[in-house]
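Trainee: Just run_1.txt, nothing more (compact mmCIF, C-alpha atoms and all ligand atoms):
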```
# COMPACT_ATOMS: atom_id res chain seq x y z
CA MET G 4 11.57 -41.57 29.88
CA THR G 5 15.15 -40.70 28.94
CA THR G 6 16.62 -41.64 25.57
CA ARG G 7 18.83 -44.14 27.36
CA GLN G 8 15.87 -45.87 29.04
CA ARG G 9 13.90 -45.83 25.81
CA THR G 10 16.62 -47.45 23.74
CA GLY G 11 18.09 -49.69 26.45
CA SER G 12 21.51 -48.49 25.31
CA ARG G 13 24.56 -48.00 27.50
CA LEU G 14 25.53 -44.94 25.52
CA SER G 15 24.97 -41.37 26.62
CA ARG G 16 22.06 -39.41 25.18
CA ARG G 17 24.55 -37.29 23.27
CA ALA G 18 26.24 -40.30 21.73
CA ILE G 19 22.90 -41.81 20.71
CA GLU G 20 21.60 -38.59 19.25
CA LEU G 21 24.80 -37.55 17.43
CA ARG G 22 24.07 -38.07 13.74
CA PRO G 23 26.79 -38.82 11.18
CA SER G 24 27.24 -35.81 8.90
CA GLY G 25 25.14 -35.63 5.74
CA ILE G 26 28.41 -35.67 3.81
CA ARG G 27 29.53 -38.96 5.33
CA GLU G 28 26.21 -40.69 4.70
CA PHE G 29 26.33 -39.60 1.10
CA PHE G 30 29.93 -40.60 0.50
CA ASP G 31 29.41 -44.06 1.89
CA LEU G 32 27.41 -44.49 -1.31
CA VAL G 33 30.27 -43.30 -3.51
CA VAL G 34 33.07 -45.57 -2.26
CA ASP G 35 31.76 -48.67 -3.99
CA MET G 36 31.16 -47.02 -7.37
CA ASP G 37 33.52 -46.96 -10.35
CA ASP G 38 34.30 -44.02 -12.60
CA VAL G 39 32.97 -41.40 -10.22
CA ILE G 40 34.23 -37.82 -10.46
CA SER G 41 34.03 -36.64 -6.90
CA LEU G 42 33.52 -32.95 -6.28
CA GLY G 43 32.49 -33.92 -2.80
CA VAL G 44 35.46 -33.83 -0.50
CA GLY G 45 36.83 -30.63 0.98
CA GLU G 46 40.42 -31.61 0.55
CA PRO G 47 43.28 -30.37 -1.66
CA ASP G 48 44.14 -32.77 -4.47
CA PHE G 49 47.82 -31.77 -4.10
CA PRO G 50 50.19 -33.77 -1.93
CA THR G 51 52.04 -31.89 0.83
CA PRO G 52 54.92 -29.97 -0.82
CA TRP G 53 58.06 -32.05 -0.80
CA GLY G 54 60.18 -29.48 1.08
CA ILE G 55 57.88 -29.90 4.08
CA CYS G 56 58.07 -33.70 3.98
CA ASP G 57 61.84 -33.54 3.61
CA ALA G 58 62.24 -31.34 6.68
CA VAL G 59 60.31 -33.89 8.73
CA ILE G 60 62.32 -36.84 7.39
CA GLU G 61 65.51 -34.99 8.28
CA SER G 62 64.23 -34.28 11.79
CA LEU G 63 63.41 -37.97 12.27
CA ARG G 64 67.00 -38.82 11.33
CA HIS G 65 68.00 -36.60 14.22
CA GLY G 66 65.67 -38.31 16.66
CA ALA G 67 62.83 -35.75 16.86
CA THR G 68 60.24 -38.22 18.12
CA SER G 69 59.34 -36.91 21.57
CA TYR G 70 56.44 -35.09 23.24
CA THR G 71 56.61 -31.31 23.04
CA SER G 72 55.26 -28.57 25.27
CA ASN G 73 51.47 -28.89 25.62
CA ARG G 74 51.03 -25.54 23.92
CA GLY G 75 53.17 -26.65 20.97
CA MET G 76 56.87 -25.97 20.29
CA LEU G 77 57.77 -22.39 21.12
CA GLU G 78 59.64 -22.19 17.81
CA LEU G 79 56.37 -22.94 16.01
CA ARG G 80 54.32 -20.53 18.10
CA VAL G 81 56.83 -17.78 17.31
CA GLU G 82 56.44 -18.51 13.58
CA ILE G 83 52.64 -18.53 13.90
CA ALA G 84 52.70 -15.17 15.71
CA ARG G 85 54.92 -13.68 12.98
CA TYR G 86 52.70 -15.04 10.23
CA VAL G 87 49.42 -13.84 11.78
CA GLU G 88 50.92 -10.40 12.44
CA ARG G 89 52.38 -10.10 8.94
CA LYS G 90 49.33 -11.41 7.08
CA TYR G 91 46.38 -10.35 9.18
CA ARG G 92 47.73 -7.47 11.27
CA VAL G 93 46.90 -8.98 14.65
CA GLY G 94 49.64 -9.43 17.23
CA TYR G 95 49.70 -12.38 19.65
CA ASP G 96 52.17 -13.31 22.34
CA PRO G 97 53.59 -16.72 21.38
CA GLU G 98 54.19 -17.56 25.05
CA GLU G 99 50.61 -17.19 26.24
CA GLU G 100 48.17 -16.42 23.46
CA ILE G 101 48.70 -19.28 21.00
CA LEU G 102 47.83 -22.97 21.27
CA VAL G 103 48.84 -25.52 18.64
CA THR G 104 45.97 -27.98 18.11
CA VAL G 105 45.12 -31.15 16.21
CA GLY G 106 43.72 -29.22 13.27
CA VAL G 107 41.15 -26.48 13.49
CA SER G 108 38.84 -29.36 14.40
CA GLU G 109 40.35 -29.75 17.86
CA ALA G 110 40.48 -25.98 18.31
CA VAL G 111 36.71 -25.69 17.72
CA ASP G 112 36.03 -28.51 20.17
CA LEU G 113 38.29 -27.04 22.86
CA ALA G 114 36.85 -23.57 22.37
CA MET G 115 33.33 -24.83 22.91
CA ARG G 116 34.30 -26.80 25.99
CA ALA G 117 36.26 -23.87 27.42
CA LEU G 118 33.50 -21.32 26.86
CA LEU G 119 30.15 -23.03 27.42
CA ASP G 120 28.11 -23.98 30.42
CA PRO G 121 25.13 -26.28 29.83
CA GLY G 122 22.42 -24.45 27.91
CA ASP G 123 24.63 -21.61 26.72
CA GLU G 124 23.82 -20.60 23.17
CA VAL G 125 26.19 -20.29 20.24
CA LEU G 126 25.16 -18.59 17.03
CA VAL G 127 26.09 -20.54 13.91
CA PRO G 128 25.35 -19.32 10.37
CA ASP G 129 23.09 -21.46 8.21
CA PRO G 130 24.52 -22.92 6.00
CA SER G 131 27.91 -23.63 7.53
CA TYR G 132 30.59 -26.26 8.10
CA VAL G 133 29.06 -29.52 9.31
CA SER G 134 31.10 -29.79 12.54
CA TYR G 135 30.12 -26.53 14.17
CA ALA G 136 26.68 -27.41 15.55
CA PRO G 137 27.69 -30.91 16.76
CA CYS G 138 30.73 -29.44 18.58
CA VAL G 139 28.43 -26.99 20.37
CA ASP G 140 26.11 -29.84 21.27
CA LEU G 141 28.92 -32.09 22.53
CA ALA G 142 30.00 -29.26 24.84
CA HIS G 143 26.43 -29.20 26.25
CA GLY G 144 25.66 -25.91 24.52
CA VAL G 145 22.79 -25.08 22.21
CA SER G 146 23.55 -24.09 18.64
CA ILE G 147 21.26 -21.44 17.22
CA SER G 148 21.08 -21.19 13.43
CA VAL G 149 21.38 -17.72 11.99
CA PRO G 150 19.79 -17.70 8.54
CA THR G 151 21.70 -16.28 5.59
CA ARG G 152 20.39 -15.62 2.09
CA LEU G 153 21.46 -16.17 -1.47
CA GLU G 154 20.84 -12.45 -2.13
CA ASP G 155 23.69 -11.71 0.30
CA GLU G 156 25.78 -14.55 -1.14
CA PHE G 157 25.13 -16.31 2.18
CA ARG G 158 27.16 -13.81 4.19
CA LEU G 159 26.22 -13.23 7.81
CA THR G 160 24.27 -9.99 8.12
CA PRO G 161 23.69 -7.99 11.30
CA GLU G 162 19.87 -8.08 11.55
CA PRO G 163 19.29 -11.85 11.81
CA LEU G 164 22.36 -12.07 14.00
CA ALA G 165 21.05 -9.47 16.44
CA ARG G 166 17.58 -11.08 16.37
CA ALA G 167 19.06 -14.45 17.38
CA CYS G 168 20.75 -13.07 20.52
CA THR G 169 19.23 -13.88 23.93
CA GLU G 170 20.62 -13.54 27.43
CA ARG G 171 21.98 -17.10 27.04
CA THR G 172 24.03 -16.27 23.93
CA ARG G 173 27.74 -16.64 24.61
CA ALA G 174 29.41 -16.83 21.26
CA LEU G 175 29.31 -16.66 17.49
CA LEU G 176 31.10 -19.41 15.57
CA PHE G 177 31.62 -18.85 11.86
CA GLY G 178 33.99 -19.51 9.00
CA ASN G 179 35.44 -16.89 6.70
CA PRO G 180 35.84 -17.69 3.80
CA SER G 181 32.84 -19.97 4.07
CA ASN G 182 32.56 -23.68 3.67
CA PRO G 183 30.18 -24.57 1.93
CA THR G 184 29.47 -21.42 -0.08
CA GLY G 185 32.91 -20.00 -0.89
CA ALA G 186 31.60 -16.57 0.15
CA VAL G 187 34.04 -14.10 1.64
CA MET G 188 33.24 -11.51 4.26
CA ARG G 189 35.25 -8.35 3.62
CA ALA G 190 36.16 -5.73 6.20
CA GLU G 191 32.87 -3.85 5.73
CA HIS G 192 30.77 -6.99 6.27
CA LEU G 193 32.84 -8.01 9.28
CA ALA G 194 32.49 -4.54 10.80
CA GLU G 195 28.70 -5.01 10.93
CA VAL G 196 29.06 -8.40 12.58
CA ALA G 197 31.60 -6.97 15.02
CA ARG G 198 29.14 -4.25 16.03
CA VAL G 199 26.53 -6.89 16.99
CA ALA G 200 29.18 -8.96 18.80
CA ILE G 201 30.26 -5.97 20.86
CA ASP G 202 26.68 -4.87 21.62
CA ALA G 203 25.68 -8.37 22.72
CA ASP G 204 29.02 -9.06 24.44
CA LEU G 205 29.74 -12.18 22.38
CA ILE G 206 32.95 -14.12 22.02
CA VAL G 207 33.63 -14.67 18.34
CA ILE G 208 35.24 -17.89 17.21
CA SER G 209 36.51 -17.10 13.76
CA ASP G 210 37.49 -20.12 11.69
CA GLU G 211 39.88 -18.73 9.08
CA ILE G 212 41.25 -21.99 7.73
CA TYR G 213 40.56 -20.81 4.16
CA ALA G 214 42.05 -17.32 4.68
CA GLU G 215 44.91 -17.91 2.24
CA LEU G 216 42.40 -19.03 -0.36
CA THR G 217 40.92 -15.56 -0.88
CA TYR G 218 41.12 -14.73 -4.56
CA ASP G 219 40.53 -11.08 -4.98
CA GLY G 220 42.09 -8.78 -2.42
CA PRO G 221 43.45 -9.55 1.02
CA HIS G 222 41.72 -11.56 3.72
CA THR G 223 40.54 -9.56 6.73
CA SER G 224 40.39 -11.21 10.13
CA ILE G 225 37.58 -10.02 12.37
CA ALA G 226 40.16 -10.05 15.18
CA ALA G 227 41.89 -7.09 13.48
CA LEU G 228 38.85 -4.82 13.78
CA PRO G 229 38.64 -2.27 16.59
CA GLY G 230 37.46 -3.75 19.88
CA MET G 231 37.55 -7.33 18.57
CA ARG G 232 40.94 -8.77 19.48
CA GLU G 233 39.97 -9.21 23.12
CA ARG G 234 36.74 -11.04 22.26
CA THR G 235 37.92 -13.14 19.30
CA LEU G 236 39.44 -16.56 19.06
CA LEU G 237 41.18 -16.74 15.70
CA LEU G 238 41.49 -20.29 14.36
CA ASN G 239 43.66 -21.29 11.46
CA GLY G 240 45.67 -24.26 10.26
CA PHE G 241 47.70 -25.93 7.59
CA SER G 242 45.23 -28.42 6.08
CA LYS G 243 43.99 -26.39 3.15
CA ALA G 244 46.50 -23.81 1.91
CA ASP G 245 49.53 -26.02 2.63
CA ALA G 246 47.84 -29.27 1.52
CA MET G 247 48.48 -30.83 4.93
CA THR G 248 45.13 -32.41 5.88
CA GLY G 249 46.74 -35.66 7.01
CA TRP G 250 49.22 -34.02 9.38
CA ARG G 251 46.41 -32.83 11.64
CA ILE G 252 47.67 -29.48 12.80
CA GLY G 253 46.13 -26.08 13.37
CA TYR G 254 46.15 -23.37 16.02
CA ALA G 255 44.09 -20.99 18.11
CA CYS G 256 45.12 -17.41 18.92
CA GLY G 257 43.24 -15.40 21.49
CA PRO G 258 42.96 -13.87 24.94
CA VAL G 259 45.24 -15.46 27.57
CA GLU G 260 42.34 -16.61 29.74
CA ILE G 261 40.68 -18.62 26.95
CA ILE G 262 43.92 -20.02 25.52
CA GLU G 263 45.01 -21.05 28.99
CA ALA G 264 41.74 -22.93 29.64
CA MET G 265 41.91 -24.62 26.24
CA THR G 266 45.53 -25.59 26.94
CA ARG G 267 44.56 -27.28 30.21
CA MET G 268 41.93 -29.37 28.40
CA HIS G 269 44.28 -30.13 25.52
CA ALA G 270 47.00 -31.21 28.01
CA TYR G 271 44.71 -33.81 29.58
CA THR G 272 43.08 -35.11 26.42
CA THR G 273 45.72 -34.84 23.71
CA MET G 274 48.96 -33.90 25.46
CA CYS G 275 50.41 -32.26 22.39
CA VAL G 276 50.26 -32.32 18.61
CA PRO G 277 52.70 -34.90 17.16
CA ILE G 278 56.16 -33.35 16.86
CA MET G 279 56.41 -34.40 13.19
CA ALA G 280 53.38 -32.30 12.33
CA GLN G 281 54.80 -29.37 14.27
CA ILE G 282 58.11 -29.57 12.39
CA ALA G 283 56.17 -29.74 9.12
CA ALA G 284 54.23 -26.61 10.13
CA ILE G 285 57.43 -24.71 10.98
CA GLU G 286 58.79 -25.55 7.56
CA ALA G 287 55.52 -24.50 5.88
CA LEU G 288 55.61 -21.12 7.66
CA ARG G 289 59.30 -20.51 6.98
CA HIS G 290 59.59 -21.74 3.41
CA GLY G 291 56.12 -22.62 2.14
CA GLU G 292 55.19 -19.33 0.48
CA ASP G 293 56.04 -20.32 -3.11
CA ASP G 294 54.29 -23.69 -2.96
CA ARG G 295 51.27 -22.07 -1.38
CA ALA G 296 51.16 -19.40 -4.08
CA ARG G 297 51.44 -22.06 -6.81
CA MET G 298 48.49 -24.04 -5.42
CA ILE G 299 46.37 -20.93 -4.84
CA ALA G 300 46.94 -19.78 -8.43
CA GLU G 301 45.87 -23.22 -9.61
CA TYR G 302 42.66 -23.17 -7.50
CA ASP G 303 41.91 -19.71 -8.85
CA GLN G 304 42.17 -20.91 -12.44
CA ARG G 305 39.97 -23.93 -11.69
CA ARG G 306 37.48 -21.66 -9.93
CA ARG G 307 37.03 -19.54 -13.04
CA VAL G 308 36.71 -22.52 -15.38
CA PHE G 309 34.27 -24.31 -13.11
CA VAL G 310 32.02 -21.42 -12.09
CA ASN G 311 31.78 -20.16 -15.69
CA GLY G 312 30.94 -23.71 -16.73
CA LEU G 313 28.18 -24.04 -14.11
CA ASN G 314 26.56 -20.82 -15.23
CA ARG G 315 26.88 -21.85 -18.87
CA ILE G 316 25.05 -25.16 -18.35
CA GLY G 317 22.26 -23.41 -16.44
CA LEU G 318 23.20 -23.94 -12.80
CA ASP G 319 23.31 -20.36 -11.52
CA CYS G 320 26.25 -19.74 -9.29
CA PHE G 321 27.49 -16.50 -7.71
CA GLU G 322 31.22 -16.01 -7.91
CA PRO G 323 32.81 -17.62 -4.84
CA MET G 324 35.74 -15.43 -3.76
CA GLY G 325 37.26 -17.86 -1.28
CA ALA G 326 37.94 -21.49 -0.27
CA PHE G 327 37.59 -24.08 -3.05
CA TYR G 328 33.83 -24.50 -3.21
CA ALA G 329 31.09 -23.42 -5.59
CA PHE G 330 27.51 -23.44 -4.33
CA PRO G 331 25.26 -23.39 -7.40
CA SER G 332 21.49 -23.18 -7.25
CA ILE G 333 19.62 -26.25 -8.43
CA ALA G 334 16.22 -24.66 -7.87
CA GLY G 335 15.45 -24.65 -11.61
CA THR G 336 15.53 -28.45 -11.73
CA GLY G 337 12.55 -28.87 -9.40
CA LEU G 338 14.52 -31.35 -7.28
CA ASN G 339 15.64 -30.89 -3.72
CA SER G 340 19.37 -31.02 -3.05
CA THR G 341 19.35 -34.65 -1.86
CA GLN G 342 17.35 -35.85 -4.88
CA PHE G 343 19.57 -33.86 -7.21
CA SER G 344 22.81 -35.20 -5.73
CA GLN G 345 21.62 -38.80 -5.70
CA ALA G 346 20.22 -38.66 -9.22
CA LEU G 347 23.37 -36.98 -10.58
CA LEU G 348 25.53 -39.61 -8.93
CA MET G 349 23.47 -42.54 -10.20
CA ASP G 350 22.88 -41.16 -13.68
CA GLN G 351 26.24 -39.57 -14.49
CA ARG G 352 28.66 -40.61 -11.76
CA VAL G 353 29.39 -37.12 -10.48
CA ALA G 354 29.41 -36.65 -6.70
CA VAL G 355 28.43 -33.32 -5.15
CA VAL G 356 27.15 -32.63 -1.63
CA PRO G 357 23.48 -31.73 -1.01
CA GLY G 358 23.25 -28.19 0.38
CA ILE G 359 20.86 -29.38 3.08
CA ALA G 360 23.84 -31.16 4.73
CA PHE G 361 25.02 -27.68 5.80
CA GLY G 362 21.71 -26.38 7.12
CA GLU G 363 18.19 -25.64 5.96
CA CYS G 364 19.20 -22.46 4.17
CA GLY G 365 21.52 -24.59 2.02
CA GLU G 366 18.51 -26.38 0.50
CA GLY G 367 18.15 -25.65 -3.21
CA HIS G 368 21.94 -25.70 -3.65
CA VAL G 369 24.72 -28.25 -3.90
CA ARG G 370 28.33 -27.88 -2.83
CA CYS G 371 30.93 -28.67 -5.44
CA SER G 372 34.61 -28.69 -4.53
CA TYR G 373 36.86 -27.56 -7.37
CA ALA G 374 39.98 -28.97 -5.71
CA SER G 375 40.23 -31.36 -8.68
CA SER G 376 42.19 -31.25 -11.92
CA ILE G 377 40.91 -29.01 -14.71
CA ALA G 378 40.41 -32.13 -16.84
CA ASP G 379 38.16 -33.67 -14.16
CA LEU G 380 36.27 -30.42 -13.71
CA ARG G 381 35.61 -30.18 -17.46
CA GLU G 382 34.47 -33.79 -17.56
CA ALA G 383 32.22 -33.21 -14.52
CA LEU G 384 30.66 -30.20 -16.24
CA ALA G 385 30.06 -32.19 -19.43
CA ARG G 386 28.37 -34.95 -17.44
CA MET G 387 26.28 -32.45 -15.50
CA GLU G 388 25.12 -30.89 -18.75
CA VAL G 389 24.04 -34.31 -20.03
CA PHE G 390 22.30 -34.93 -16.70
CA LEU G 391 20.34 -31.69 -16.91
CA ALA G 392 19.23 -32.46 -20.47
CA ARG G 393 18.19 -35.99 -19.51
CA LEU G 394 16.39 -34.68 -16.44
CA ALA G 395 14.48 -32.14 -18.53
CA SER G 396 13.40 -34.88 -20.96
CA GLY G 397 12.18 -37.12 -18.12
CA ALA G 398 14.88 -39.76 -18.73
CA VAL G 399 16.32 -39.65 -15.20
CA GLU G 400 14.91 -41.70 -12.37
CA VAL G 401 14.50 -39.55 -9.26
CA ALA G 402 14.04 -40.99 -5.77
CA GLN G 403 10.90 -39.59 -4.13
N1 LIG Z 501 36.93 -25.63 9.33
C1 LIG Z 501 36.41 -25.67 8.11
C2 LIG Z 501 35.54 -24.55 7.65
C3 LIG Z 501 36.67 -26.77 7.28
O1 LIG Z 501 36.13 -26.80 6.05
C4 LIG Z 501 37.46 -27.83 7.76
C5 LIG Z 501 37.70 -29.02 6.93
O2 LIG Z 501 37.06 -29.26 5.94
C6 LIG Z 501 37.98 -27.73 9.04
C7 LIG Z 501 37.71 -26.62 9.81
C8 LIG Z 501 38.84 -28.81 9.63
O3 LIG Z 501 40.15 -28.43 9.50
P1 LIG Z 501 41.38 -29.25 10.11
O4 LIG Z 501 41.83 -30.20 9.05
O5 LIG Z 501 42.38 -28.18 10.41
O6 LIG Z 501 40.89 -29.92 11.33
```
Represent the structure contained in this file as C-alpha cells.

Mentor:
Amino acid sequence: MTTRQRTGSRLSRRAIELRPSGIREFFDLVVDMDDVISLGVGEPDFPTPWGICDAVIESLRHGATSYTSNRGMLELRVEIARYVERKYRVGYDPEEEILVTVGVSEAVDLAMRALLDPGDEVLVPDPSYVSYAPCVDLAHGVSISVPTRLEDEFRLTPEPLARACTERTRALLFGNPSNPTGAVMRAEHLAEVARVAIDADLIVISDEIYAELTYDGPHTSIAALPGMRERTLLLNGFSKADAMTGWRIGYACGPVEIIEAMTRMHAYTTMCVPIMAQIAAIEALRHGEDDRARMIAEYDQRRRVFVNGLNRIGLDCFEPMGAFYAFPSIAGTGLNSTQFSQALLMDQRVAVVPGIAFGECGEGHVRCSYASSIADLREALARMEVFLARLASGAVEVAQ
C-alpha cells in the first residue's frame, strides 16, 4: 500500500514524508517564552548596512520596479564575477556561467533538480545544514550521509567519502565553512576531497555562503583547485556576510551546461530575483567592504569570548574558524543533545540547537550561534554555568 493510500491524504508521498527541520520544531517552543537568550538562529543580529538600503530607496524613486533578465541583471553578474575572481581566484563568464538566485536556498534546490534523475545519490556530510538532504529528496534523489568525526573537527575526509561512492553517486553537496560546526576546510583538506571527486567523477556543489566569515587566513574555494572548476557549482550569497537574510538573494557559478539548465527551471518557477534585492547586492559588492569588515571583526571578537567561555565552564569546544557557530560537546553531562537543549531552555532560558538536528554524527553536541551581542553571550554563558551546576546536583528536571 502506498503512503497516500495508507493515510487517505491527497498529498504526494514526498509532501507527507517531508519532516519540518529539527530547528523549527525546537524554536516553536521558544516563541512563547519570555526572557530567552536565543543562540539558536543562524542569522546576523546586524541590520543590513544603511548604504545598501539607501541605494535601493534611491532606485525606487527612479522607478526600478520591473522584472529583470531571468539570469539576474548583467550589471550584478559582472560584479559577482569580479568579486569571485578577486577573492577566490576562479573566473566565470557573467554572460553564461552565473545565475542570480533567491538565496543559496534556491540555488541548492535548482542544482539538485538540474543534476538528478530518480534514485541518483548525493553525498552529504553528517552533520550538515538541515536543508541539504530534504532538497536532494525533493528532487527525487537519495542523500547519502558521509560521517565526519570530532577528531577531525567534523571536516570531510577522503576515506569515508570514497567508501560512500557507488555507481549511482552523482554529486557531493557540502558547506565550507560548515554550518553547524564552524569548521573550515583549508586548501589541503579540499585537495583530498577533490581527489575523490575526480576519481569518482562527481559534481561538487560547494555552498560557500560563510566564505567571508573565515577568521584566520583566506577562504579557499574547491572550485579553484586543479581539475575542479569544470565539475564544481560554487554557491554564495549575501545573507550572512552582508546581513541581508531578508532580501533573499544569492548566486550559483559553474559550467555553462548546468547554469543553463538551472536558469531554465528558475525562469519557469521564479522568473527572476526581485530587482530591489539585485540592486542591494550590486551596492554590497561595490561599496560593502568596510561594513562587511566591521561585522566580521565583531563576530571574531564574539567568537573568542564565547568559545573561551564554553571551555571555561566545562563544555569542550574546538576552535571554530568560520561561520558564526560553536559546536561544543555536551557528552560530559550524560544527556543527549535534545534533552540537553530542552532542559537548558526550561531551566535557564537559553536556546541552543540539538546537534542531532544536523545528523546522527551531531549527537553529543549542540549548535550555538554567536551572532548575538557580547552582553547576551556573557549572560548566556553565566546561565549555562548555573545550568551545569544544577544539573550536576540533580536539581534539573530532564525529559526522558
Ligand atoms: N547554506 C547554509 C550553510 C546556511 O547556513 C544557510 C542559512 O542558514 C543557507 C545556505 C541559506 O542561505 P540563503 O539565505 O542565501 O538562502

Trainee: For ligand LIG 501 (chain Z), collect every residue having any atom at a distance of at most 6 Å from a ligand atom (counting only C-alpha atoms and all ligand atoms); output as a ChimeraX atom specification.

Mentor: /G:45,106-108,132,178,182,212,240,242,248,251-253

Trainee: To one decimal in Å, tell me the separation between atom CA of G:Tyr213 and atom CA of G:Lys243.

Mentor: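 Atom CA of G:Tyr213 sits 6.6 Å away from atom CA of G:Lys243.
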
Trainee: Restricting the calculation to only C-alpha atoms: of G:Ala402, G:Val308, G:Ala226, G:Met247, which residue gets closest to G:Glu286?

Mentor: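 Closest candidate: G:Met247.
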
Trainee: Using all atoms listed in the file, pick whichever of G:Ser376, G:Thr272, G:Asn339, G:Asn239 has the shortest atom-to-atom distance to G:Leu113.

Mentor: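 Using all atoms listed in the file, the shortest distance to G:Leu113 belongs to G:Thr272.
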
Trainee: Ranking G:Arg305, G:Arg9, G:Arg152, G:Arg116 by minimum distance to G:Ser372 and counting all atoms listed in the file, which one comes first?

Mentor: G:Arg305

Trainee: Rank nothing, just name the residue among G:Cys275, G:Ala392, G:Leu313, G:Val111 nearest to G:Ser72, using all atoms listed in the file.

Mentor: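 Among the listed residues, G:Cys275 lies closest to G:Ser72.
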
Trainee: Fewer than 5 positions away in the same chain doesn't count, so skip those; otherwise give me all residues within 10 Å of G:Arg92, counting all atoms listed in the file, as a PyMOL selection string.

Mentor: chain G and resi 85-87+223-224+226-228

Trainee: List the neighbours of G:Arg306 out to 10 Å using all atoms listed in the file; skip same-chain residues closer than 5 positions along the sequence, and give me the result as a PyMOL selection string.

Mentor: chain G and resi 218+300-301+311-312+322-329+372-374+377+380

Trainee: Here is a test: counting all atoms listed in the file, which residue of G:Met279, G:Met231, G:Ala197, G:Arg381 is nearest to G:Arg64?

Mentor: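 Closest to G:Arg64, using all atoms listed in the file: G:Met279.
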
Trainee: Under the rule that all atoms listed in the file are counted, which of G:Glu20, G:Asp303, G:Glu78, G:Glu61 is the nearest residue to G:Arg289?

Mentor: G:Glu78

Trainee: Report, in Å with one decimal, the straight-line distance from atom CA of G:Phe29 to atom CA of G:Met188.

Mentor: 29.1 Å

Trainee: Using all atoms listed in the file, give me every residue within 12 Å of (25.4, -16.0, 28.2) in file coordinates, as a list in words.

Mentor: Leu118, Leu119, Asp120, Pro121, Gly122, Asp123, Glu124, Val125, Leu126, Gly144, Val145, Cys168, Thr169, Glu170, Arg171, Thr172, Arg173, Ala174, Leu175, Ala203, Asp204, Leu205 and Ile206 of chain G

Trainee: For atom CA of G:Phe49 and atom CA of G:Gln351, quote the distance in Å rounded to one decimal.

Mentor: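 These atoms are spaced 25.2 Å apart.
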
Trainee: May I have the protein, DNA and RNA residues with any atom at most 10 Å from the point (56.9, -16.3, 25.2), counting all atoms listed in the file, written as an MDAnalysis selection string?

Mentor: chainID G and resid 77:78 80:81 95:101

Trainee: Tell me, as a ChimeraX atom specification, which residues lie within 9 Å of G:Met76, counting only C-alpha atoms; anything in the same chain fewer than 6 positions away does not count.

Mentor: /G:103,278,281-282

Trainee: Let me see the file: selected residues, C-alpha atoms, as a PDB file, in the coordinates of the input.

Mentor:
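out-v2.pdb, freshly written:
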```pdb
ATOM      1  CA  VAL G 103      48.840 -25.520  18.640  1.00  0.00           C
ATOM      2  CA  ILE G 278      56.160 -33.350  16.860  1.00  0.00           C
ATOM      3  CA  GLN G 281      54.800 -29.370  14.270  1.00  0.00           C
ATOM      4  CA  ILE G 282      58.110 -29.570  12.390  1.00  0.00           C
TER       5      ILE G 282
END
```

Trainee: Please provide as a list in words all residues within 12 Å of G:Leu63, with the sequence filter that same-chain residues fewer than 3 positions apart are discarded (counting only C-alpha atoms).

Mentor: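 Counting only the stated atoms, we get Cys56, Asp57, Ala58, Val59, Ile60, Gly66, Ala67, Thr68, Ser69, Ile278, Met279, Ala280, Ile282 and Ala283 of chain G.
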
Trainee: Hey, can you spit out that residue selection with C-alpha atoms as a PDB file, in the frame of the given file?

Mentor:
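Dumped everything to out.pdb:
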```pdb
ATOM      1  CA  CYS G  56      58.070 -33.700   3.980  1.00  0.00           C
ATOM      2  CA  ASP G  57      61.840 -33.540   3.610  1.00  0.00           C
ATOM      3  CA  ALA G  58      62.240 -31.340   6.680  1.00  0.00           C
ATOM      4  CA  VAL G  59      60.310 -33.890   8.730  1.00  0.00           C
ATOM      5  CA  ILE G  60      62.320 -36.840   7.390  1.00  0.00           C
ATOM      6  CA  GLY G  66      65.670 -38.310  16.660  1.00  0.00           C
ATOM      7  CA  ALA G  67      62.830 -35.750  16.860  1.00  0.00           C
ATOM      8  CA  THR G  68      60.240 -38.220  18.120  1.00  0.00           C
ATOM      9  CA  SER G  69      59.340 -36.910  21.570  1.00  0.00           C
ATOM     10  CA  ILE G 278      56.160 -33.350  16.860  1.00  0.00           C
ATOM     11  CA  MET G 279      56.410 -34.400  13.190  1.00  0.00           C
ATOM     12  CA  ALA G 280      53.380 -32.300  12.330  1.00  0.00           C
ATOM     13  CA  ILE G 282      58.110 -29.570  12.390  1.00  0.00           C
ATOM     14  CA  ALA G 283      56.170 -29.740   9.120  1.00  0.00           C
TER      15      ALA G 283
END
```

Trainee: Near G:Leu347, counting all atoms listed in the file, which residues have an atom at most 9 Å away, once you skip same-chain residues fewer than 4 positions from it, shown as a ChimeraX atom specification?

Mentor: /G:342-343,351-355,386-387,390-391,399

Trainee: Keeping only C-alpha atoms, write the selected residues to a file as a CSV table (one decimal), in the coordinates of the input.

Mentor:
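Produced file result_16.csv, reproduced below:
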```
chain,number,residue,atom,x,y,z
G,342,GLN,CA,17.4,-35.8,-4.9
G,343,PHE,CA,19.6,-33.9,-7.2
G,351,GLN,CA,26.2,-39.6,-14.5
G,352,ARG,CA,28.7,-40.6,-11.8
G,353,VAL,CA,29.4,-37.1,-10.5
G,354,ALA,CA,29.4,-36.6,-6.7
G,355,VAL,CA,28.4,-33.3,-5.2
G,386,ARG,CA,28.4,-35.0,-17.4
G,387,MET,CA,26.3,-32.4,-15.5
G,390,PHE,CA,22.3,-34.9,-16.7
G,391,LEU,CA,20.3,-31.7,-16.9
G,399,VAL,CA,16.3,-39.6,-15.2
```
